[in-house]
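Data first, discussion second: the structure below is written as structure tokens.
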Amino acid sequence: MSLIVQKYGGSSVADAEGVKRVARRIVETKRAGHDVCVVVSAMGDSTDDLIDLANKVSPEPPARELDMLLTAGERISMAVLAMAIADLGMEARSFTGSQAGVITDAEHGRARILDVTPGRITQALADGHIAIVAGFQGVSQTTKDITTLGRGGSDTTATALAAALKADVCEIYTDVDGVFTADPRILPAARKLDVISCEEMLDLAANGSKILHLRCVEYARRYGIPLHVRSSWSRHPGTLILDDPYGEGSDMEAPIITGIAHDLSEAKITAVGVPDELGKAADIFTAIADAGVSIDMIVQNVSAGDTGRTDISFTLPQAEGTKALQALQALKSSIGFTELLYNDKIGKLSLIGAGMRTTPGISAKLFRALADASINIDLISTSEIRVSVVTRSDQLEAAVRAAHTAFGLDSTEGEAIVYGGTGR
Ligand code: ASP
Ligand code: MG
């Protein structure tokens, strides 16, 4: 007998039928003799609907109240799921994040889990019940207010609980069969991966892949929790995310390219004509940091000719664009740049693979594939196991397709299936 944490995403419980289907799967796991703790997301697109509602009431809803509102979505799904399980003759008890002992910091909308004290969950399991926990939420250690973990945060609730309960495995049930070489929603030729390393998964998640919440993968790695991403609609084995699948003693070799992530959520700011003097980059990025804006890529050109001026470009989340522009505009004369350009029609493609470390020529091959597809590259950045490029947003899908084919990732087993979700 083992202890299994199962997380079901919003598309898996989008309607009453979905809730009943998921309930059957949970009961089956319990009847097979396992202890089961379930983490559930809000039904379908209901988190987006709640955000729309808040924005209709107020242009800038207070963060505390927005969190209170959003956590209602998960409370609905946990309760109806418990009802559906009861109907199948088993006892389930639902718990809010706070009741389940998910203790966070006080950063509304992006709280971090500080501790998990799952006394009530352990008790429910000991009583032979199925425990159901509302994902994506916790309670602040200091203010005692209800917090949320950021969009997609139920994955992190699941891994954090799995770690605290010392679960044998954390299963993440979603609307596709696992982690794919690219997002099957835009690329039906994407291939399902059987295994991926935490390191690669972190890079995919950090660069726009939405299959798993970034912090969920960090947690899994830190506490050695095996993650299994799979579909709640099918019986196919999904993707295992393991700390070191290619390490010593393994017969698997790290693939050169594991997958491609794409991201349409960023924008680019360029400060034009920055004086090429000591400390100017520091001034710019201090202002950005003080505004609480997180940045991604940075490119500084050498100053052209003898103008003594240079352009500095960087990318950031679109949602933080206005804040960043305001912060920089206020320093225009003191820093001395001539103008600020803003472009949110950009897309980022990231090629990721642990085998890149030992294989030369990856960037060259990517750039050639994009050139052959008539796609112009705007910015480039690389790390040990990743090459990222920024393109025009309307060319991003074509870029993903071209790179996927060039690196031999296209599936030979037919099109990837997307079982549910509206993709909203
Ligand atoms: N319901 C939340 C969201 O839509 C959390 C989650 O689904 O993981 O982002
Ligand atoms: Mg998700």
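Every chain in the structure tokens has a letter given in the order shown (A, B, ...), and although residue numbers restart at 1 in each chain, ligands are simply numbered from 1 in the order shown.
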
What residues of the protein or nucleic acid chains come within 10 Å of ligand 2 when you use only C-alpha atoms and all ligand atoms? Reply as an mmCIF file with N, CA, C and O atoms, in the first residue's frame.
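Written out: out36.cif:
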```
data_model
loop_
_atom_site.group_PDB
_atom_site.id
_atom_site.type_symbol
_atom_site.label_atom_id
_atom_site.label_comp_id
_atom_site.auth_asym_id
_atom_site.auth_seq_id
_atom_site.Cartn_x
_atom_site.Cartn_y
_atom_site.Cartn_z
ATOM 1 N N LYS A 7 -3.397 15.198 -8.314
ATOM 2 C CA LYS A 7 -3.902 16.548 -8.562
ATOM 3 C C LYS A 7 -4.698 16.557 -9.862
ATOM 4 O O LYS A 7 -4.220 16.050 -10.885
ATOM 5 N N TYR A 8 -5.895 17.101 -9.823
ATOM 6 C CA TYR A 8 -6.729 17.204 -11.025
ATOM 7 C C TYR A 8 -6.885 18.665 -11.408
ATOM 8 O O TYR A 8 -7.313 19.488 -10.592
ATOM 9 N N GLY A 9 -6.550 18.981 -12.645
ATOM 10 C CA GLY A 9 -6.625 20.353 -13.141
ATOM 11 C C GLY A 9 -8.044 20.756 -13.480
ATOM 12 O O GLY A 9 -8.961 19.920 -13.523
ATOM 13 N N GLY A 10 -8.229 22.037 -13.741
ATOM 14 C CA GLY A 10 -9.557 22.592 -13.976
ATOM 15 C C GLY A 10 -10.286 21.949 -15.145
ATOM 16 O O GLY A 10 -11.503 21.729 -15.084
ATOM 17 N N SER A 11 -9.564 21.608 -16.217
ATOM 18 C CA SER A 11 -10.258 21.041 -17.373
ATOM 19 C C SER A 11 -10.758 19.630 -17.069
ATOM 20 O O SER A 11 -11.751 19.178 -17.637
ATOM 21 N N SER A 41 -8.196 21.729 -8.724
ATOM 22 C CA SER A 41 -8.243 23.121 -9.201
ATOM 23 C C SER A 41 -9.693 23.551 -9.357
ATOM 24 O O SER A 41 -10.603 22.727 -9.311
ATOM 25 N N ARG A 151 -1.155 31.846 -10.755
ATOM 26 C CA ARG A 151 -1.894 31.015 -11.706
ATOM 27 C C ARG A 151 -1.205 29.668 -11.895
ATOM 28 O O ARG A 151 0.015 29.598 -12.011
ATOM 29 N N GLY A 152 -1.992 28.633 -11.934
ATOM 30 C CA GLY A 152 -1.430 27.287 -12.083
ATOM 31 C C GLY A 152 -0.895 26.707 -10.781
ATOM 32 O O GLY A 152 -0.268 25.650 -10.772
ATOM 33 N N GLY A 153 -1.149 27.406 -9.664
ATOM 34 C CA GLY A 153 -0.514 27.047 -8.403
ATOM 35 C C GLY A 153 -0.972 25.752 -7.749
ATOM 36 O O GLY A 153 -0.326 25.283 -6.808
ATOM 37 N N SER A 154 -2.045 25.156 -8.242
ATOM 38 C CA SER A 154 -2.494 23.893 -7.626
ATOM 39 C C SER A 154 -1.446 22.788 -7.759
ATOM 40 O O SER A 154 -1.352 21.911 -6.898
ATOM 41 N N ASP A 155 -0.677 22.843 -8.829
ATOM 42 C CA ASP A 155 0.409 21.859 -8.980
ATOM 43 C C ASP A 155 1.348 21.940 -7.783
ATOM 44 O O ASP A 155 1.826 20.930 -7.263
ATOM 45 N N THR A 156 1.627 23.177 -7.372
ATOM 46 C CA THR A 156 2.561 23.381 -6.265
ATOM 47 C C THR A 156 1.946 22.919 -4.946
ATOM 48 O O THR A 156 2.627 22.313 -4.111
ATOM 49 N N ILE A 172 -0.026 14.212 -11.483
ATOM 50 C CA ILE A 172 -0.664 15.444 -11.942
ATOM 51 C C ILE A 172 -1.541 15.075 -13.139
ATOM 52 O O ILE A 172 -1.016 14.755 -14.214
ATOM 53 N N TYR A 173 -2.848 15.089 -12.942
ATOM 54 C CA TYR A 173 -3.776 14.724 -14.019
ATOM 55 C C TYR A 173 -4.197 15.970 -14.788
ATOM 56 O O TYR A 173 -4.637 16.956 -14.199
ATOM 57 N N THR A 174 -4.057 15.894 -16.129
ATOM 58 C CA THR A 174 -4.346 17.058 -16.943
ATOM 59 C C THR A 174 -5.097 16.654 -18.201
ATOM 60 O O THR A 174 -5.660 15.553 -18.255
ATOM 61 N N ASP A 175 -5.149 17.534 -19.202
ATOM 62 C CA ASP A 175 -5.969 17.262 -20.379
ATOM 63 C C ASP A 175 -5.157 16.800 -21.588
ATOM 64 O O ASP A 175 -5.663 16.763 -22.703
ATOM 65 N N SER A 209 6.238 27.021 -20.898
ATOM 66 C CA SER A 209 5.422 25.812 -20.933
ATOM 67 C C SER A 209 4.453 25.849 -19.760
ATOM 68 O O SER A 209 4.841 26.097 -18.629
ATOM 69 N N LYS A 210 3.169 25.603 -20.042
ATOM 70 C CA LYS A 210 2.175 25.754 -18.973
ATOM 71 C C LYS A 210 1.787 24.432 -18.352
ATOM 72 O O LYS A 210 0.904 24.369 -17.497
ATOM 73 N N ILE A 211 2.436 23.373 -18.768
ATOM 74 C CA ILE A 211 2.000 22.063 -18.294
ATOM 75 C C ILE A 211 2.159 21.932 -16.778
ATOM 76 O O ILE A 211 1.323 21.347 -16.113
ATOM 77 N N LEU A 212 3.227 22.512 -16.224
ATOM 78 C CA LEU A 212 3.424 22.460 -14.770
ATOM 79 C C LEU A 212 3.834 23.825 -14.240
ATOM 80 O O LEU A 212 4.576 24.562 -14.893
ATOM 81 N N HIS A 213 3.380 24.126 -13.039
ATOM 82 C CA HIS A 213 3.771 25.355 -12.351
ATOM 83 C C HIS A 213 5.256 25.250 -12.006
ATOM 84 O O HIS A 213 5.727 24.201 -11.560
#
```

Open item on the list: With only C-alpha atoms as the counted atoms, please give the residues lying no more than 12 Å from A:Gly150, apart from itself and same-chain residues fewer than 4 positions off, as a ChimeraX atom specification.
Closed with: /A:47,63,66-67,70-71,107-113,135-138,154-157,213-216

Open item on the list: Based on the backbone DSSP call, show me all residues of stretch 128-222 of chain A assigned helix (DSSP H, G or I), as a PyMOL selection string.
Closed with: chain A and resi 154-165+198-206+214-222

TODO: Using DSSP on the backbone coordinates, identify the residues of stretch 229-413 of chain A assigned to strand (DSSP E); present them as a ChimeraX atom specification.
DONE: /A:229-231,239-242,259-263,266-275,298-300,309-317,339-343,346-352,379-383,386-392

Give me, as a compact mmCIF listing (two decimals) with N, CA, C and O atoms, in the first residue's frame, all polymer residues having an atom no more than 6 Å from A:Met78, counting only C-alpha atoms and skipping those fewer than 2 positions away in the same chain.
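Once everything was written out, this is out_25.txt:
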```txt
# COMPACT_ATOMS: atom_id res chain seq x y z
N ARG A 75 -12.79 25.97 -3.75
CA ARG A 75 -13.70 25.48 -2.69
C ARG A 75 -14.91 24.82 -3.31
O ARG A 75 -15.43 23.83 -2.78
N ILE A 76 -15.35 25.35 -4.43
CA ILE A 76 -16.49 24.73 -5.12
C ILE A 76 -16.10 23.34 -5.61
O ILE A 76 -16.78 22.34 -5.34
N VAL A 80 -17.81 19.64 -4.44
CA VAL A 80 -18.61 18.78 -5.35
C VAL A 80 -17.89 17.45 -5.61
O VAL A 80 -18.54 16.41 -5.76
N LEU A 81 -16.58 17.48 -5.60
CA LEU A 81 -15.84 16.23 -5.80
C LEU A 81 -16.08 15.29 -4.61
O LEU A 81 -16.29 14.08 -4.79
N SER A 94 -13.37 17.24 2.40
CA SER A 94 -12.67 18.32 1.71
C SER A 94 -12.11 19.33 2.71
O SER A 94 -12.67 19.52 3.80
N ALA A 134 -8.24 21.90 -1.50
CA ALA A 134 -8.37 22.97 -2.49
C ALA A 134 -6.97 23.45 -2.87
O ALA A 134 -6.19 23.85 -2.01
```

Open item on the list: Could you list, as a list in words, every residue within 9 Å of A:Val36, counting only C-alpha atoms and ignoring same-chain residues fewer than 6 positions away?
Closed with: Ser2, Leu3, Ile4, Val5, Gln6, Ile26, Val27, Thr29, Lys30, Leu125, His129, Ile130, Ala131 and Ile132 of chain A

Open item on the list: Give me, as JSON, numbers by chain, all polymer residues having an atom no more than 12 Å from A:Glu384, counting only C-alpha atoms and skipping those fewer than 2 positions away in the same chain.
Closed with: {"A": [199, 200, 203, 256, 351, 352, 353, 354, 355, 356, 357, 358, 359, 360, 362, 363, 381, 382, 386, 387, 388]}

Let's have the selection written as a tab-separated table (two decimals), in the first residue's frame, with N, CA and C atoms.
```tsv
chain	number	residue	atom	x	y	z
A	199	GLU	N	15.64	19.20	-14.15
A	199	GLU	CA	16.37	20.35	-14.66
A	199	GLU	C	15.75	20.85	-15.97
A	200	GLU	N	15.47	19.92	-16.88
A	200	GLU	CA	14.88	20.31	-18.16
A	200	GLU	C	13.44	20.81	-17.96
A	203	ASP	N	13.39	24.35	-16.84
A	203	ASP	CA	13.65	25.29	-17.93
A	203	ASP	C	12.42	25.44	-18.84
A	256	ILE	N	19.68	15.25	-26.85
A	256	ILE	CA	20.31	16.55	-27.14
A	256	ILE	C	19.26	17.64	-27.01
A	351	LEU	N	14.63	26.36	-26.91
A	351	LEU	CA	15.00	24.98	-27.23
A	351	LEU	C	15.74	24.45	-26.00
A	352	ILE	N	15.30	23.31	-25.47
A	352	ILE	CA	15.88	22.85	-24.21
A	352	ILE	C	16.31	21.40	-24.30
A	353	GLY	N	17.49	21.11	-23.77
A	353	GLY	CA	17.95	19.72	-23.76
A	353	GLY	C	19.24	19.57	-22.98
A	354	ALA	N	19.27	18.59	-22.07
A	354	ALA	CA	20.45	18.41	-21.22
A	354	ALA	C	21.67	17.98	-22.03
A	355	GLY	N	21.43	17.34	-23.18
A	355	GLY	CA	22.55	16.88	-23.99
A	355	GLY	C	23.25	18.01	-24.75
A	356	MET	N	22.66	19.21	-24.68
A	356	MET	CA	23.25	20.36	-25.37
A	356	MET	C	24.65	20.69	-24.86
A	357	ARG	N	24.83	20.41	-23.57
A	357	ARG	CA	26.12	20.67	-22.92
A	357	ARG	C	27.28	20.10	-23.70
A	358	THR	N	27.07	18.93	-24.28
A	358	THR	CA	28.19	18.21	-24.88
A	358	THR	C	28.08	18.15	-26.40
A	359	THR	N	27.13	18.93	-26.95
A	359	THR	CA	26.94	18.88	-28.40
A	359	THR	C	27.07	20.26	-29.02
A	360	PRO	N	28.05	20.49	-29.85
A	360	PRO	CA	28.19	21.81	-30.47
A	360	PRO	C	27.22	21.97	-31.64
A	362	ILE	N	24.24	23.54	-31.92
A	362	ILE	CA	22.78	23.59	-31.75
A	362	ILE	C	22.23	24.95	-32.18
A	363	SER	N	22.87	26.02	-31.72
A	363	SER	CA	22.38	27.36	-32.08
A	363	SER	C	22.40	27.55	-33.59
A	381	SER	N	19.29	34.52	-26.40
A	381	SER	CA	20.03	34.29	-25.16
A	381	SER	C	20.23	32.80	-25.01
A	382	THR	N	21.29	32.43	-24.31
A	382	THR	CA	21.56	31.01	-24.15
A	382	THR	C	21.95	30.71	-22.71
A	386	ARG	N	19.97	25.53	-22.83
A	386	ARG	CA	18.86	26.22	-23.49
A	386	ARG	C	19.36	27.26	-24.48
A	387	VAL	N	18.65	27.37	-25.61
A	387	VAL	CA	18.84	28.50	-26.53
A	387	VAL	C	17.47	29.14	-26.69
A	388	SER	N	17.36	30.45	-26.45
A	388	SER	CA	16.09	31.15	-26.62
A	388	SER	C	16.24	32.23	-27.67
```

Polymer residues at most 6 Å from A:Thr391, only C-alpha atoms, same-chain spacing of 4 or more positions, as a PDB file with C-alpha atoms, in the first residue's frame:
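Below you can see out-v1.pdb, which holds the result:
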```pdb
ATOM      1  CA  ILE A 346       6.898  39.441 -29.579  1.00  0.00           C
ATOM      2  CA  GLY A 347       7.167  35.722 -28.945  1.00  0.00           C
ATOM      3  CA  ILE A 377      15.384  36.622 -34.991  1.00  0.00           C
ATOM      4  CA  ASP A 378      15.246  39.660 -32.783  1.00  0.00           C
TER       5      ASP A 378
END
```

Open item on the list: Ranking A:Thr239, A:Ser250, A:Ser197, A:Thr310 by minimum distance to A:Thr270 and counting only C-alpha atoms, which one comes first?
Closed with: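 Of the candidates, the smallest distance to A:Thr270 is held by A:Thr310.
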
TODO: Have a look at A:Thr412, A:Thr142, A:Asn301, A:Ser46 and name the one nearest to ligand 1; count only C-alpha atoms and all ligand atoms.
DONE: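 With only C-alpha atoms and all ligand atoms as the atom set, the closest residue is A:Ser46.
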
Task: Given only C-alpha atoms as the counted atoms, nearest of A:Arg185, A:Lys166, A:His34, A:Arg120 to A:Gly421 - done: A:Arg185

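Between atom CA of A:Leu161 and atom CA of A:Ala106 the separation is 19.3 Å.
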
Task: Pick from A:Glu65, A:Glu28, A:Asp15, A:Asp145 nearest to A:Met43, counting only C-alpha atoms - done: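 Nearest candidate to A:Met43 out of A:Glu65, A:Glu28, A:Asp15, A:Asp145: A:Asp15.
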
Task: Selection near A:Val272, 8 Å with only C-alpha atoms, sequence-local residues under 5 positions removed, as a list in words - done: Thr310, Asp311, Ile312, Phe337, Thr338, Glu339, Leu340 and Leu341 of chain A

Store the residues picked out above in a file with C-alpha atoms, as a compact mmCIF listing (two decimals), in the first residue's frame.
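And here's result.txt as it stands now:
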```txt
# COMPACT_ATOMS: atom_id res chain seq x y z
CA THR A 310 24.16 52.49 -27.13
CA ASP A 311 20.76 50.79 -27.07
CA ILE A 312 19.71 48.52 -24.24
CA PHE A 337 18.63 58.03 -23.01
CA THR A 338 16.80 59.62 -25.94
CA GLU A 339 13.64 57.51 -26.06
CA LEU A 340 11.88 54.36 -24.87
CA LEU A 341 10.38 51.83 -27.28
```

- [ ] Would you mind reading off the distance between atom CA of A:Phe367 and atom CA of A:Met252, one decimal, in Å?
- [x] 28.3 Å

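Interatomic distance, atom CA of A:Lys192 against atom CA of A:Ser77: 28.7 Å.
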
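Of the listed residues A:Val133, A:Leu69, A:Leu149, A:Val217, the one whose atoms come nearest to ligand 1 is A:Leu149, with distances taken using only C-alpha atoms and all ligand atoms.
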